[in-house]
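Below is one structure, written out as structure tokens, with a few remarks after it.
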Amino acid sequence: MSKIRQRAIWGSKLGFLLAAIGSAVGLGNIWKFSYTAYKGGGGAFLVPYIVALFIAGLPLLILEYTLGHSQQGSTPLSFAKINKKMEIFGWWLPVAATFGVLLLYMVVIAWCFDYFLFSFSLEWGQETGAFFVNYLNRSESPFEIGSINFRISGVTAGLWFLCWLICVKEINHGIEKACMVFIPLLLLLTTILVICAVSLDGAALGIEKYLYPDWGKINIFKKNSIEAWKIWSSAFGQTFFTLSLGFGIMVTYSSYLPKKTSIVGNAVWTAIANCTYSIFAGFAVFGVLGFMAGQTGEAFDKVAEGGPGLAFVVYPNAITQLPFGEFWNGLFGATFFLALVIAGLSSAVSLLEAFTCSLTDKFRMKRWKVVSSLSLLGFLGSIIFTTRAGLLILDIVLHFIENYALLTGGIIECFLVGYMMKAKIARKHIEDTSGFKLSVLWDWCIMFITPVVLLIIISQSIYADRAMFLGESEQLKGYEGYPIASLWIYGVGALALTLLIAAGFTVFKWRNRHIHTTDEEQLLT
Ligand code: PHE
């Protein structure tokens, strides 16, 4: 029998929470939440959002924490301990969702870092849209890959190195320490942004647009309620992505918790911190959008944007026109992009950790070897997103991961814990380790309600993408100009490939004897 290796443990509860919050709070909280809310009925969007949080977000977060904590392992190990046949799905999460998102996330953080540098001299000038297209040297088609952008690849390499530096140490020294700095710093930067943004002329208009409730938009009982349904489903999708669920991250992070811990408390704090941050950051975004609308005299709807369009086109444009004077405007811009970089990095390390832990669990390789190989491989994989077609490919990959892979991952997890491990036993684990009596409602959620809701959302996505699946038209809504073949190759094809890779990992024998339960022995036989 080989030597028993102790699993690392978080240095403190706060350290764990900050790391989990660091994973949850990412680019999406800053550039996506507020815009989704604005489009989804302003303040009224909070209703579907909170319902989604209670029906899917929190129950699944509790599930992931319980899974990792009770099985003391990354997803492949936790899944395999419960049922060996499920191991392949345990690999599928880190391979499909985690690594896929990580490769492209790093490149997006690289753009943010470059824009952080550009801010000081307001390098984007007056034509911020053209500047962005020029910067990416974007091609017209996802198949027109063209050349690699060396500037972006260089920055991406630097960021991979930084992630490597953080992850190469055990979590309690690496990720925990990094998040202890990242999260307070992020909060400070965001507070500065919010204060400056709300003090701008016209900010009130933006904030009113952000928060004013339009109840009609979320009313699914009215006639023609398709749009309202879409808003509800976007609230569920958003909750999932924003809490980093379905990636196996929260399973991994909770596997490093000490025996006695408050799983439900941890989940509630992570969710509250994440959602409060999103709402708060929305003031920085909409304050500036309101100011922009006032400056340009255009209708608010024309000015408002979310996602990369907000960060790299609208925001830079607004920064140039701010009334603080050139130097301070630049500094405001730098603060914004630095906040994005930090929010992104604290999520990126969690993605790297989920995969690293899966490999060290199974192959008993040294941590530094795994982190180094993954970082190198990851950097090479990121390069595709630094080519001229990078943004277009990224759009496709993300669409399929967000709308299909993560939600499927969530359903599989519900099945695993709800039926194979048994929800009752999972609930007992929570009670035994924290003394907290969770309502039986949780069992119902993870056994019936959550998977059904997720299934409905996936069906909706399939319906929305039906043109592609049926090969009916050359244009998919939201993806006009993308050849259908590119969606099949970069989207469906990439996902199929990840399943193959996951199967490949499953074939190998478990080399690991160090994790202390007897189930482990079963795995080895
Ligand atoms: N939660 C992140 C966000 O909202 C997305 C993410 C998920 C990033 C998982 C990393 C890992 O942006």
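Order determines the names: the first chain of the structure tokens is A, the second B, and so forth; residues in each chain are numbered 1 upward, and ligands are numbered 1 upward as they are shown.
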**Request:** Write out as a PyMOL selection string the residues lying within 12 Å of Ile272 (chain A), counting only C-alpha atoms and excluding same-chain residues fewer than 2 positions away.
**Result:** chain A and resi 17+20-21+24-25+50+53-54+57-58+61+239+242-243+265-270+274-280
Would you pick out the contacts of Arg511 (chain A) at 7 Å or less, using only C-alpha atoms, so that residues sharing its chain but fewer than 2 positions from it are not included, and give the list as an mmCIF file with all heavy atoms, in the first residue's frame?
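And here's result_0.cif as it stands now:
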data_model
loop_
_atom_site.group_PDB
_atom_site.id
_atom_site.type_symbol
_atom_site.label_atom_id
_atom_site.label_comp_id
_atom_site.auth_asym_id
_atom_site.auth_seq_id
_atom_site.Cartn_x
_atom_site.Cartn_y
_atom_site.Cartn_z
ATOM 1 N N LYS A 362 -6.502 11.258 -9.930
ATOM 2 C CA LYS A 362 -6.502 9.970 -10.624
ATOM 3 C C LYS A 362 -5.097 9.407 -10.823
ATOM 4 O O LYS A 362 -4.865 8.227 -10.609
ATOM 5 C CB LYS A 362 -7.193 10.085 -11.976
ATOM 6 C CG LYS A 362 -7.156 8.757 -12.727
ATOM 7 C CD LYS A 362 -8.410 8.458 -13.471
ATOM 8 C CE LYS A 362 -8.387 7.039 -14.032
ATOM 9 N NZ LYS A 362 -9.620 6.626 -14.613
ATOM 10 N N PHE A 363 -4.191 10.249 -11.260
ATOM 11 C CA PHE A 363 -2.896 9.709 -11.675
ATOM 12 C C PHE A 363 -1.804 9.851 -10.625
ATOM 13 O O PHE A 363 -0.700 9.417 -10.815
ATOM 14 C CB PHE A 363 -2.462 10.351 -12.994
ATOM 15 C CG PHE A 363 -3.436 10.076 -14.097
ATOM 16 C CD1 PHE A 363 -4.293 11.060 -14.567
ATOM 17 C CD2 PHE A 363 -3.531 8.808 -14.644
ATOM 18 C CE1 PHE A 363 -5.211 10.799 -15.573
ATOM 19 C CE2 PHE A 363 -4.440 8.532 -15.657
ATOM 20 C CZ PHE A 363 -5.284 9.528 -16.116
ATOM 21 N N ARG A 364 -2.150 10.488 -9.550
ATOM 22 C CA ARG A 364 -1.199 10.665 -8.464
ATOM 23 C C ARG A 364 0.098 11.312 -8.952
ATOM 24 O O ARG A 364 1.192 10.934 -8.523
ATOM 25 C CB ARG A 364 -0.894 9.313 -7.832
ATOM 26 C CG ARG A 364 -0.876 9.416 -6.328
ATOM 27 C CD ARG A 364 -0.822 8.079 -5.699
ATOM 28 N NE ARG A 364 0.182 8.094 -4.658
ATOM 29 C CZ ARG A 364 1.230 7.300 -4.660
ATOM 30 N NH1 ARG A 364 1.428 6.445 -5.624
ATOM 31 N NH2 ARG A 364 2.070 7.364 -3.663
ATOM 32 N N LYS A 509 -6.381 3.307 -15.361
ATOM 33 C CA LYS A 509 -6.614 2.792 -14.015
ATOM 34 C C LYS A 509 -6.367 3.876 -12.983
ATOM 35 O O LYS A 509 -5.531 4.738 -13.178
ATOM 36 C CB LYS A 509 -5.604 1.673 -13.750
ATOM 37 C CG LYS A 509 -6.079 0.302 -14.140
ATOM 38 C CD LYS A 509 -5.349 -0.717 -13.250
ATOM 39 C CE LYS A 509 -6.177 -1.926 -12.987
ATOM 40 N NZ LYS A 509 -6.335 -2.829 -14.051
ATOM 41 N N ARG A 513 -4.082 5.769 -4.264
ATOM 42 C CA ARG A 513 -4.531 4.991 -3.114
ATOM 43 C C ARG A 513 -4.608 5.874 -1.872
ATOM 44 O O ARG A 513 -4.853 5.394 -0.786
ATOM 45 C CB ARG A 513 -3.524 3.884 -2.810
ATOM 46 C CG ARG A 513 -3.570 2.776 -3.807
ATOM 47 C CD ARG A 513 -2.501 1.762 -3.505
ATOM 48 N NE ARG A 513 -2.689 0.606 -4.370
ATOM 49 C CZ ARG A 513 -3.476 -0.393 -4.071
ATOM 50 N NH1 ARG A 513 -4.118 -0.425 -2.934
ATOM 51 N NH2 ARG A 513 -3.610 -1.395 -4.891
#
**Distance filter 9 Å around ligand 1, atoms: only C-alpha atoms and all ligand atoms, out as a PyMOL selection string** = chain A and resi 21-33+97-98+101-102+105+238-249+274+278+343-351
**Request:** Among the residues of region 296-469 of chain A, find those DSSP assigns to alpha helix (DSSP H) from the backbone and print them as an MDAnalysis selection string.
**Result:** chainID A and resid 296 300:303 307:309 315:321 326:363 367:382 390:400 406:415 423:434 441:444 450:464 466:469
**Request:** Can you pull out every residue within 12 Å of Phe505 (chain A), counting only C-alpha atoms, but drop anything in the same chain fewer than 6 positions away, and send it as a PyMOL selection string?
**Result:** chain A and resi 76-77+87-92+94-95+355+358-359+361-363+498-499
**Message:** Which residues are close to Val452 (chain A), i.e. within 12 Å by only C-alpha atoms, leaving aside same-chain residues fewer than 2 positions away? Reply as a ChimeraX atom specification.
**Reply:** /A:55-56,407-408,410-412,414-415,444-450,454-459
Hey, can you spit out that residue selection with N, CA and C atoms as a PDB file, in the first residue's frame?
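Contents of out_14.pdb, freshly written:
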ATOM      1  N   ILE A  55     -34.512  28.085  -6.877  1.00  0.00           N
ATOM      2  CA  ILE A  55     -34.884  26.788  -7.450  1.00  0.00           C
ATOM      3  C   ILE A  55     -33.680  26.039  -8.002  1.00  0.00           C
ATOM      4  N   ALA A  56     -32.767  26.763  -8.623  1.00  0.00           N
ATOM      5  CA  ALA A  56     -31.645  26.057  -9.254  1.00  0.00           C
ATOM      6  C   ALA A  56     -30.301  26.406  -8.627  1.00  0.00           C
ATOM      7  N   LEU A 407     -25.627  23.092 -18.398  1.00  0.00           N
ATOM      8  CA  LEU A 407     -26.938  22.667 -17.921  1.00  0.00           C
ATOM      9  C   LEU A 407     -27.027  21.143 -17.898  1.00  0.00           C
ATOM     10  N   THR A 408     -26.433  20.497 -18.912  1.00  0.00           N
ATOM     11  CA  THR A 408     -26.415  19.033 -18.902  1.00  0.00           C
ATOM     12  C   THR A 408     -25.621  18.553 -17.692  1.00  0.00           C
ATOM     13  N   GLY A 410     -25.345  19.989 -14.908  1.00  0.00           N
ATOM     14  CA  GLY A 410     -26.201  20.178 -13.736  1.00  0.00           C
ATOM     15  C   GLY A 410     -27.196  19.033 -13.587  1.00  0.00           C
ATOM     16  N   ILE A 411     -27.781  18.621 -14.700  1.00  0.00           N
ATOM     17  CA  ILE A 411     -28.763  17.523 -14.646  1.00  0.00           C
ATOM     18  C   ILE A 411     -28.073  16.229 -14.196  1.00  0.00           C
ATOM     19  N   ILE A 412     -26.884  15.993 -14.747  1.00  0.00           N
ATOM     20  CA  ILE A 412     -26.153  14.776 -14.369  1.00  0.00           C
ATOM     21  C   ILE A 412     -25.843  14.795 -12.866  1.00  0.00           C
ATOM     22  N   CYS A 414     -27.519  16.286 -10.535  1.00  0.00           N
ATOM     23  CA  CYS A 414     -28.769  16.042  -9.795  1.00  0.00           C
ATOM     24  C   CYS A 414     -29.064  14.556  -9.761  1.00  0.00           C
ATOM     25  N   PHE A 415     -28.872  13.915 -10.892  1.00  0.00           N
ATOM     26  CA  PHE A 415     -29.140  12.477 -10.983  1.00  0.00           C
ATOM     27  C   PHE A 415     -28.184  11.717 -10.058  1.00  0.00           C
ATOM     28  N   TRP A 444     -36.504  17.439  -2.995  1.00  0.00           N
ATOM     29  CA  TRP A 444     -37.428  17.595  -4.127  1.00  0.00           C
ATOM     30  C   TRP A 444     -36.802  18.432  -5.225  1.00  0.00           C
ATOM     31  N   CYS A 445     -36.111  19.495  -4.773  1.00  0.00           N
ATOM     32  CA  CYS A 445     -35.468  20.367  -5.764  1.00  0.00           C
ATOM     33  C   CYS A 445     -34.503  19.564  -6.617  1.00  0.00           C
ATOM     34  N   ILE A 446     -33.542  18.897  -5.955  1.00  0.00           N
ATOM     35  CA  ILE A 446     -32.503  18.273  -6.790  1.00  0.00           C
ATOM     36  C   ILE A 446     -32.990  17.002  -7.491  1.00  0.00           C
ATOM     37  N   MET A 447     -34.068  16.400  -6.965  1.00  0.00           N
ATOM     38  CA  MET A 447     -34.545  15.186  -7.634  1.00  0.00           C
ATOM     39  C   MET A 447     -35.529  15.487  -8.755  1.00  0.00           C
ATOM     40  N   PHE A 448     -36.334  16.509  -8.571  1.00  0.00           N
ATOM     41  CA  PHE A 448     -37.359  16.767  -9.592  1.00  0.00           C
ATOM     42  C   PHE A 448     -37.280  18.169 -10.185  1.00  0.00           C
ATOM     43  N   ILE A 449     -37.453  19.152  -9.295  1.00  0.00           N
ATOM     44  CA  ILE A 449     -37.679  20.508  -9.822  1.00  0.00           C
ATOM     45  C   ILE A 449     -36.485  21.009 -10.643  1.00  0.00           C
ATOM     46  N   THR A 450     -35.298  20.999 -10.031  1.00  0.00           N
ATOM     47  CA  THR A 450     -34.141  21.558 -10.750  1.00  0.00           C
ATOM     48  C   THR A 450     -33.876  20.836 -12.075  1.00  0.00           C
ATOM     49  N   LEU A 454     -34.069  22.609 -15.751  1.00  0.00           N
ATOM     50  CA  LEU A 454     -32.895  22.642 -16.630  1.00  0.00           C
ATOM     51  C   LEU A 454     -33.203  22.001 -17.981  1.00  0.00           C
ATOM     52  N   LEU A 455     -33.967  20.930 -17.916  1.00  0.00           N
ATOM     53  CA  LEU A 455     -34.349  20.252 -19.151  1.00  0.00           C
ATOM     54  C   LEU A 455     -35.188  21.171 -20.035  1.00  0.00           C
ATOM     55  N   ILE A 456     -36.084  21.906 -19.393  1.00  0.00           N
ATOM     56  CA  ILE A 456     -36.922  22.839 -20.165  1.00  0.00           C
ATOM     57  C   ILE A 456     -36.041  23.880 -20.848  1.00  0.00           C
ATOM     58  N   ILE A 457     -35.050  24.376 -20.093  1.00  0.00           N
ATOM     59  CA  ILE A 457     -34.198  25.420 -20.686  1.00  0.00           C
ATOM     60  C   ILE A 457     -33.380  24.859 -21.844  1.00  0.00           C
ATOM     61  N   ILE A 458     -32.874  23.641 -21.669  1.00  0.00           N
ATOM     62  CA  ILE A 458     -32.111  23.050 -22.774  1.00  0.00           C
ATOM     63  C   ILE A 458     -33.015  22.872 -23.995  1.00  0.00           C
ATOM     64  N   SER A 459     -34.253  22.416 -23.734  1.00  0.00           N
ATOM     65  CA  SER A 459     -35.158  22.232 -24.873  1.00  0.00           C
ATOM     66  C   SER A 459     -35.398  23.552 -25.576  1.00  0.00           C
TER      67      SER A 459
END
**Selection: 8 Å around region 123-128 of chain A, only C-alpha atoms, excl. self and same-chain fewer than 3 positions, as a list in words** = Phe118, Ser119, Phe120, Phe131, Phe132, Phe312, Val313, Val314, Pro316, Asn317 and Thr320 of chain A
